[in-house]
file my_file22.txt (compact mmCIF, C-alpha atoms)
# COMPACT_ATOMS: atom_id res chain seq x y z
CA MET W 996 0.00 0.00 0.00
CA PHE W 997 2.81 2.37 0.89
CA ILE W 998 4.55 1.67 -2.43
CA LYS W 999 1.34 2.42 -4.36
CA LEU W 1000 0.95 5.73 -2.53
CA MET W 1001 4.55 6.68 -3.34
CA MET W 1002 4.04 5.86 -7.04
CA PHE W 1003 0.84 7.92 -7.14
CA ALA W 1004 2.60 10.88 -5.48
CA SER W 1005 5.46 10.65 -8.00
CA LEU W 1006 3.05 10.65 -10.93
CA MET W 1007 1.16 13.66 -9.57
CA ALA W 1008 4.41 15.56 -9.01
CA GLY W 1009 5.42 14.79 -12.59
CA VAL W 1010 2.15 16.21 -13.92
CA PHE W 1011 2.35 19.46 -11.95
CA CYS W 1012 6.05 19.96 -12.63
CA SER W 1013 5.95 19.25 -16.35
CA PRO W 1014 8.51 21.39 -18.23
CA ASN W 1015 5.90 22.04 -20.95
CA SER W 1016 3.49 23.75 -18.56
CA LYS W 1017 3.45 27.55 -18.85
CA ARG W 1018 4.05 29.24 -15.53
CA LEU W 1019 4.10 32.96 -14.82
CA PRO W 1020 6.60 34.45 -12.36
CA TYR W 1021 5.16 34.95 -8.93
CA GLY W 1022 3.12 38.14 -8.75
CA ALA W 1023 3.32 38.95 -12.50
CA PRO W 1024 -0.11 39.71 -14.02
CA PRO W 1025 -1.00 37.98 -17.28
CA LYS W 1026 -0.37 40.00 -20.44
CA ILE W 1027 -3.74 40.55 -22.11
CA GLU W 1028 -4.31 42.43 -25.36
CA TYR W 1029 -7.75 43.97 -25.80
CA THR W 1030 -8.59 43.89 -29.51
CA GLU W 1031 -12.28 43.09 -29.54
CA ILE W 1032 -14.81 45.54 -30.94
CA PRO W 1033 -16.64 47.42 -28.14
CA HIS W 1034 -20.43 47.34 -27.99
CA CYS W 1035 -20.66 51.05 -28.81
CA ALA W 1036 -19.19 50.33 -32.27
CA LYS W 1037 -21.39 47.38 -33.20
CA ASN W 1038 -24.00 49.44 -35.07
CA THR W 1039 -21.80 52.10 -36.67
CA THR W 1040 -19.14 52.37 -39.36
CA LYS W 1041 -17.31 55.16 -37.54
CA ALA W 1042 -13.84 54.61 -36.12
CA TRP W 1043 -14.84 56.24 -32.84
CA CYS W 1044 -17.59 56.22 -30.18
CA LEU W 1045 -19.04 59.42 -28.74
CA GLU W 1046 -21.36 57.54 -26.37
CA ASP W 1047 -20.44 54.38 -24.50
CA SER W 1048 -22.61 52.69 -21.89
CA GLU W 1049 -19.66 50.48 -20.88
CA TYR W 1050 -17.12 53.28 -20.51
CA PRO W 1051 -15.08 52.54 -17.33
CA GLN W 1052 -15.32 56.05 -15.93
CA HIS W 1053 -14.86 55.03 -12.28
CA GLU W 1054 -11.78 52.92 -13.04
CA VAL W 1055 -10.21 55.66 -15.19
CA GLN W 1056 -10.80 58.27 -12.49
CA GLN W 1057 -9.30 56.02 -9.81
CA ALA W 1058 -6.22 55.43 -11.98
CA LEU W 1059 -5.88 59.17 -12.66
CA ASP W 1060 -6.04 59.86 -8.92
CA GLN W 1061 -3.39 57.21 -8.26
CA HIS W 1062 -1.00 58.42 -11.00
CA TYR W 1063 -1.87 62.12 -10.80
CA GLN W 1064 1.65 63.58 -10.99
CA ALA W 1065 2.92 61.16 -13.64
CA VAL W 1066 -0.02 61.82 -15.98
CA LEU W 1067 0.27 65.61 -15.70
CA ALA W 1068 3.97 65.32 -16.52
CA PHE W 1069 3.23 64.41 -20.14
CA PHE W 1070 -0.37 65.48 -20.71
CA LYS W 1071 -1.69 68.99 -21.14
CA GLU W 1072 -5.37 69.65 -21.34
CA LYS W 1073 -6.50 71.15 -24.61
CA LEU W 1074 -9.94 72.66 -24.97
CA ALA W 1075 -11.67 73.15 -28.31
CA SER W 1076 -11.33 76.68 -29.65
CA THR W 1077 -13.20 77.38 -32.87
CA GLU W 1078 -12.82 81.17 -32.95
CA ASN W 1079 -10.05 81.23 -35.57
CA SER W 1080 -11.72 78.76 -37.90
CA VAL W 1081 -14.89 80.85 -38.26
CA ASN W 1082 -13.37 84.33 -37.91
CA GLU W 1083 -14.91 86.98 -40.22
CA LEU W 1084 -17.60 84.59 -41.48
CA ASP W 1085 -21.16 85.78 -40.95
CA LYS W 1086 -22.92 82.71 -42.32
CA PHE W 1087 -21.96 79.16 -43.12
CA ASN W 1088 -23.04 79.89 -46.69
CA ASP W 1089 -19.99 82.16 -46.99
CA GLU W 1090 -17.82 79.04 -46.97
CA VAL W 1091 -17.65 77.33 -50.35
CA TYR W 1092 -16.38 73.76 -50.67
CA LEU W 1093 -15.69 72.05 -53.98
CA CYS W 1094 -16.93 68.84 -52.37
CA PRO W 1095 -19.79 69.01 -49.84
CA SER W 1096 -18.81 67.97 -46.33
CA SER W 1097 -19.86 68.07 -42.68
CA THR W 1098 -17.68 69.50 -39.92
CA ASP W 1099 -17.95 68.61 -36.26
CA TYR W 1100 -15.99 68.85 -33.02
CA ILE W 1101 -15.97 65.52 -31.21
CA ARG W 1102 -14.80 64.20 -27.84
CA PRO W 1103 -14.49 60.45 -28.38
CA LEU W 1104 -14.62 57.92 -25.54
CA ARG W 1105 -13.21 55.10 -27.68
CA ALA W 1106 -11.47 55.09 -31.04
CA ILE W 1107 -9.35 52.93 -33.34
CA ASN W 1108 -5.66 53.81 -33.23
CA VAL W 1109 -3.27 53.76 -36.21
CA GLU W 1110 -2.57 50.08 -35.52
CA GLY W 1111 -6.24 49.20 -35.98
CA LYS W 1112 -6.97 48.52 -32.30
CA TRP W 1113 -9.78 49.99 -30.21
CA ARG W 1114 -8.58 52.10 -27.30
CA ILE W 1115 -10.25 53.76 -24.31
CA ILE W 1116 -9.70 57.52 -24.54
CA VAL W 1117 -9.54 59.60 -21.36
CA ASN W 1118 -12.34 62.13 -21.82
CA ARG W 1119 -14.98 63.96 -19.76
CA ILE W 1120 -13.27 62.98 -16.49
CA GLU W 1121 -12.07 65.14 -13.61
CA SER W 1122 -9.29 64.25 -11.19
CA TYR W 1123 -8.03 66.55 -8.43
CA GLY W 1124 -9.58 69.57 -10.14
CA VAL W 1125 -8.11 68.80 -13.56
CA LYS W 1126 -10.68 68.25 -16.30
CA TYR W 1127 -9.43 65.84 -18.92
CA THR W 1128 -11.01 67.00 -22.17
CA GLN W 1129 -9.72 65.91 -25.56
CA THR W 1130 -11.40 67.41 -28.62
CA ALA W 1131 -10.85 66.73 -32.31
CA ARG W 1132 -12.14 68.63 -35.33
CA ILE W 1133 -13.35 66.29 -38.06
CA GLU W 1134 -14.65 66.93 -41.56
CA GLU W 1135 -16.31 64.15 -43.54
CA CYS W 1136 -17.31 64.02 -47.20
CA ASN W 1137 -21.05 64.12 -47.85
CA VAL W 1138 -20.58 62.53 -51.27
CA VAL W 1139 -19.28 59.15 -52.34
CA VAL W 1140 -15.49 59.33 -52.36
CA GLY W 1141 -14.21 59.11 -55.92
CA THR W 1142 -17.14 60.84 -57.59
CA SER W 1143 -16.60 64.07 -59.53
CA CYS W 1144 -16.54 67.39 -57.67
CA PRO W 1145 -19.97 69.06 -58.08
CA LEU W 1146 -18.63 72.63 -58.49
CA VAL W 1147 -15.88 71.80 -60.98
CA PRO W 1148 -16.83 72.15 -64.68
CA SER W 1149 -17.28 68.82 -66.44
CA CYS W 1150 -14.51 69.69 -68.93
CA TYR W 1151 -12.02 68.90 -66.14
CA GLU W 1152 -11.37 65.53 -64.61
CA SER W 1153 -12.08 65.72 -60.89
CA LYS W 1154 -12.87 63.57 -57.89
CA CYS W 1155 -13.67 64.06 -54.24
CA ILE W 1156 -11.25 62.49 -51.77
CA GLN W 1157 -11.38 62.06 -48.01
CA LYS W 1158 -8.26 63.46 -46.36
CA ASN W 1159 -7.23 62.37 -42.86
CA VAL W 1160 -5.26 63.96 -40.04
CA PHE W 1161 -3.48 62.39 -37.09
CA HIS W 1162 -4.46 63.16 -33.50
CA ARG W 1163 -2.68 62.21 -30.30
CA PHE W 1164 -4.93 61.16 -27.42
CA LEU W 1165 -4.28 60.13 -23.84
CA VAL W 1166 -5.58 56.55 -23.55
CA TYR W 1167 -6.27 54.20 -20.66
CA ASN W 1168 -5.12 50.58 -20.78
CA PRO W 1169 -6.94 48.52 -18.10
CA TYR W 1170 -4.48 45.64 -18.53
CA ASP W 1171 -1.34 47.59 -17.71
CA TYR W 1172 -1.04 47.26 -13.96
CA THR W 1173 2.06 49.42 -13.50
CA PHE W 1174 1.09 52.58 -15.41
CA PRO W 1175 -2.17 52.34 -17.40
CA PHE W 1176 -1.81 55.56 -19.41
CA THR W 1177 -0.07 56.36 -22.67
CA ILE W 1178 -0.29 58.71 -25.65
CA GLU W 1179 -1.30 57.04 -28.93
CA LYS W 1180 -1.95 58.20 -32.49
CA PHE W 1181 -5.36 58.14 -34.15
CA ARG W 1182 -6.30 58.88 -37.76
CA LEU W 1183 -9.51 60.86 -38.16
CA PRO W 1184 -11.17 62.51 -41.19
CA GLY W 1185 -9.68 66.01 -41.54
CA SER W 1186 -11.13 67.44 -44.75
CA CYS W 1187 -12.94 66.58 -47.97
CA GLY W 1188 -10.67 67.57 -50.83
CA CYS W 1189 -11.10 67.87 -54.58
CA VAL W 1190 -8.46 66.63 -56.99
CA VAL W 1191 -8.61 68.34 -60.39
CA GLY W 1192 -7.03 66.59 -63.35
CA ALA W 1193 -6.58 67.21 -67.05
CA PHE W 1194 -8.78 69.40 -69.23
CA HIS W 1195 -10.70 67.71 -72.03
CA LEU W 1196 -13.36 68.79 -74.52

call {"tool": "encode", "arguments": {"input": "my_file22.txt", "output": "structure tokens"}}
result
Amino acid sequence: MFIKLMMFASLMAGVFCSPNSKRLPYGAPPKIEYTEIPHCAKNTTKAWCLEDSEYPQHEVQQALDQHYQAVLAFFKEKLASTENSVNELDKFNDEVYLCPSSTDYIRPLRAINVEGKWRIIVNRIESYGVKYTQTARIEECNVVVGTSCPLVPSCYESKCIQKNVFHRFLVYNPYDYTFPFTIEKFRLPGSCGCVVGAFHL
């Protein structure tokens, strides 16, 4: 009986100590990459979410409180200022675009970065009196990209194109347990341009 117990114990030790088993160092959290599409983006084709019922506001605020000094060391709050962009214009009709477009100022809660991954953007949150507000100006084409520019004479080859600009946002990574904040790049629609080509009769 004693020999059988010893053999059983040896087999069990061999199973738990197998060199093929993956073991993490003591105290090290597992490395998890969050790449899934958030619920706020399921019914839209946009690369950003302005509303998000699952936005982890409490967790982001707690992390900002914990890393207050470190975050302020590399982040500066920028508020939207539209005075220069509409200076000396009395009506929107005074602005003429070769391709029709819509302009908006957005404060996204989630967005897709330049690597194609959804990220949580720090926005609409206050920590120790600092309001974290990140605004982006976007302009999207109101016509199908590639179609001719409506205001360009038909004797010229033309097409409307969507131009993009890069924005840098402070993002929150819930799986980084040491310092969950970083600055990442995001590509958003910046203007709707018109490319004019050769003249033909």

call {"tool": "residues_around", "arguments": {"input": "my_file22.txt", "residues": "Asn1137 in chain W", "least_positions_apart": "3", "cutoff": "8 Å", "atoms": "all atoms listed in the file", "output": "list in words"}}
result
Cys1094, Pro1095, Ser1096 and Ser1097 of chain W

call {"tool": "residues_near_point", "arguments": {"input": "my_file22.txt", "point": "(-8.3, 66.6, -61.0)", "cutoff": "12 Å", "atoms": "all atoms listed in the file", "output": "short mmCIF file (atom, residue, chain, number, x, y, z; two decimals) with C-alpha atoms, keeping the file's coordinate frame"}}
result
data_model
loop_
_atom_site.label_atom_id
_atom_site.label_comp_id
_atom_site.auth_asym_id
_atom_site.auth_seq_id
_atom_site.Cartn_x
_atom_site.Cartn_y
_atom_site.Cartn_z
CA LEU W 1093 -15.69 72.05 -53.98
CA GLY W 1141 -14.21 59.11 -55.92
CA THR W 1142 -17.14 60.84 -57.59
CA SER W 1143 -16.60 64.07 -59.53
CA CYS W 1144 -16.54 67.39 -57.67
CA VAL W 1147 -15.88 71.80 -60.98
CA PRO W 1148 -16.83 72.15 -64.68
CA SER W 1149 -17.28 68.82 -66.44
CA CYS W 1150 -14.51 69.69 -68.93
CA TYR W 1151 -12.02 68.90 -66.14
CA GLU W 1152 -11.37 65.53 -64.61
CA SER W 1153 -12.08 65.72 -60.89
CA LYS W 1154 -12.87 63.57 -57.89
CA CYS W 1155 -13.67 64.06 -54.24
CA ILE W 1156 -11.25 62.49 -51.77
CA GLY W 1188 -10.67 67.57 -50.83
CA CYS W 1189 -11.10 67.87 -54.58
CA VAL W 1190 -8.46 66.63 -56.99
CA VAL W 1191 -8.61 68.34 -60.39
CA GLY W 1192 -7.03 66.59 -63.35
CA ALA W 1193 -6.58 67.21 -67.05
CA PHE W 1194 -8.78 69.40 -69.23
CA HIS W 1195 -10.70 67.71 -72.03
#

call {"tool": "residues_around", "arguments": {"input": "my_file22.txt", "residues": "range 1127-1133 of chain W", "least_positions_apart": "6", "cutoff": "8 Å", "atoms": "all atoms listed in the file", "output": "ChimeraX atom specification"}}
result
/W:1072-1075,1098-1103,1117-1121,1162,1164,1183-1186

call {"tool": "residues_around", "arguments": {"input": "my_file22.txt", "residues": "Arg1105 in chain W", "least_positions_apart": "6", "cutoff": "8 Å", "atoms": "all atoms listed in the file", "output": "PDB file with C-alpha atoms, in the frame of the given file"}}
result
ATOM      1  CA  TRP W1043     -14.840  56.240 -32.840  1.00  0.00           C
ATOM      2  CA  CYS W1044     -17.590  56.220 -30.180  1.00  0.00           C
ATOM      3  CA  LEU W1045     -19.040  59.420 -28.740  1.00  0.00           C
ATOM      4  CA  ASP W1047     -20.440  54.380 -24.500  1.00  0.00           C
ATOM      5  CA  TRP W1113      -9.780  49.990 -30.210  1.00  0.00           C
ATOM      6  CA  ARG W1114      -8.580  52.100 -27.300  1.00  0.00           C
ATOM      7  CA  ILE W1115     -10.250  53.760 -24.310  1.00  0.00           C
ATOM      8  CA  ILE W1116      -9.700  57.520 -24.540  1.00  0.00           C
TER       9      ILE W1116
END

call {"tool": "closest_residue", "arguments": {"input": "my_file22.txt", "among": "W:Arg1163, W:Glu1179, W:Cys1187, W:Leu1146", "to": "Glu1134 in chain W", "atoms": "all atoms listed in the file"}}
result
W:Cys1187

call {"tool": "atom_distance", "arguments": {"input": "my_file22.txt", "atom1": "CA of Asn1159 in chain W", "atom2": "CA of Glu1046 in chain W"}}
result
22.2 Å

call {"tool": "closest_residue", "arguments": {"input": "my_file22.txt", "among": "W:Phe1161, W:Phe1174, W:Ile1107, W:Pro1051", "to": "Ala1065 in chain W", "atoms": "all atoms listed in the file"}}
result
W:Phe1174

call {"tool": "closest_residue", "arguments": {"input": "my_file22.txt", "among": "W:Leu1196, W:Val1139, W:Val1166, W:Val1125", "to": "Asp1060 in chain W", "atoms": "all atoms listed in the file"}}
result
W:Val1125

call {"tool": "closest_residue", "arguments": {"input": "my_file22.txt", "among": "W:Lys1126, W:Ile1178, W:Tyr1092, W:Lys1112", "to": "Gln1056 in chain W", "atoms": "all atoms listed in the file"}}
result
W:Lys1126

call {"tool": "atom_distance", "arguments": {"input": "my_file22.txt", "atom1": "CA of Ala1042 in chain W", "atom2": "CA of Thr1173 in chain W"}}
result
28.1 Å

call {"tool": "atom_distance", "arguments": {"input": "my_file22.txt", "atom1": "CA of Leu1165 in chain W", "atom2": "CA of Phe1070 in chain W"}}
result
7.3 Å

call {"tool": "closest_residue", "arguments": {"input": "my_file22.txt", "among": "W:His1034, W:Gln1157, W:Gly1124, W:Lys1041", "to": "Leu1059 in chain W", "atoms": "all atoms listed in the file"}}
result
W:Gly1124
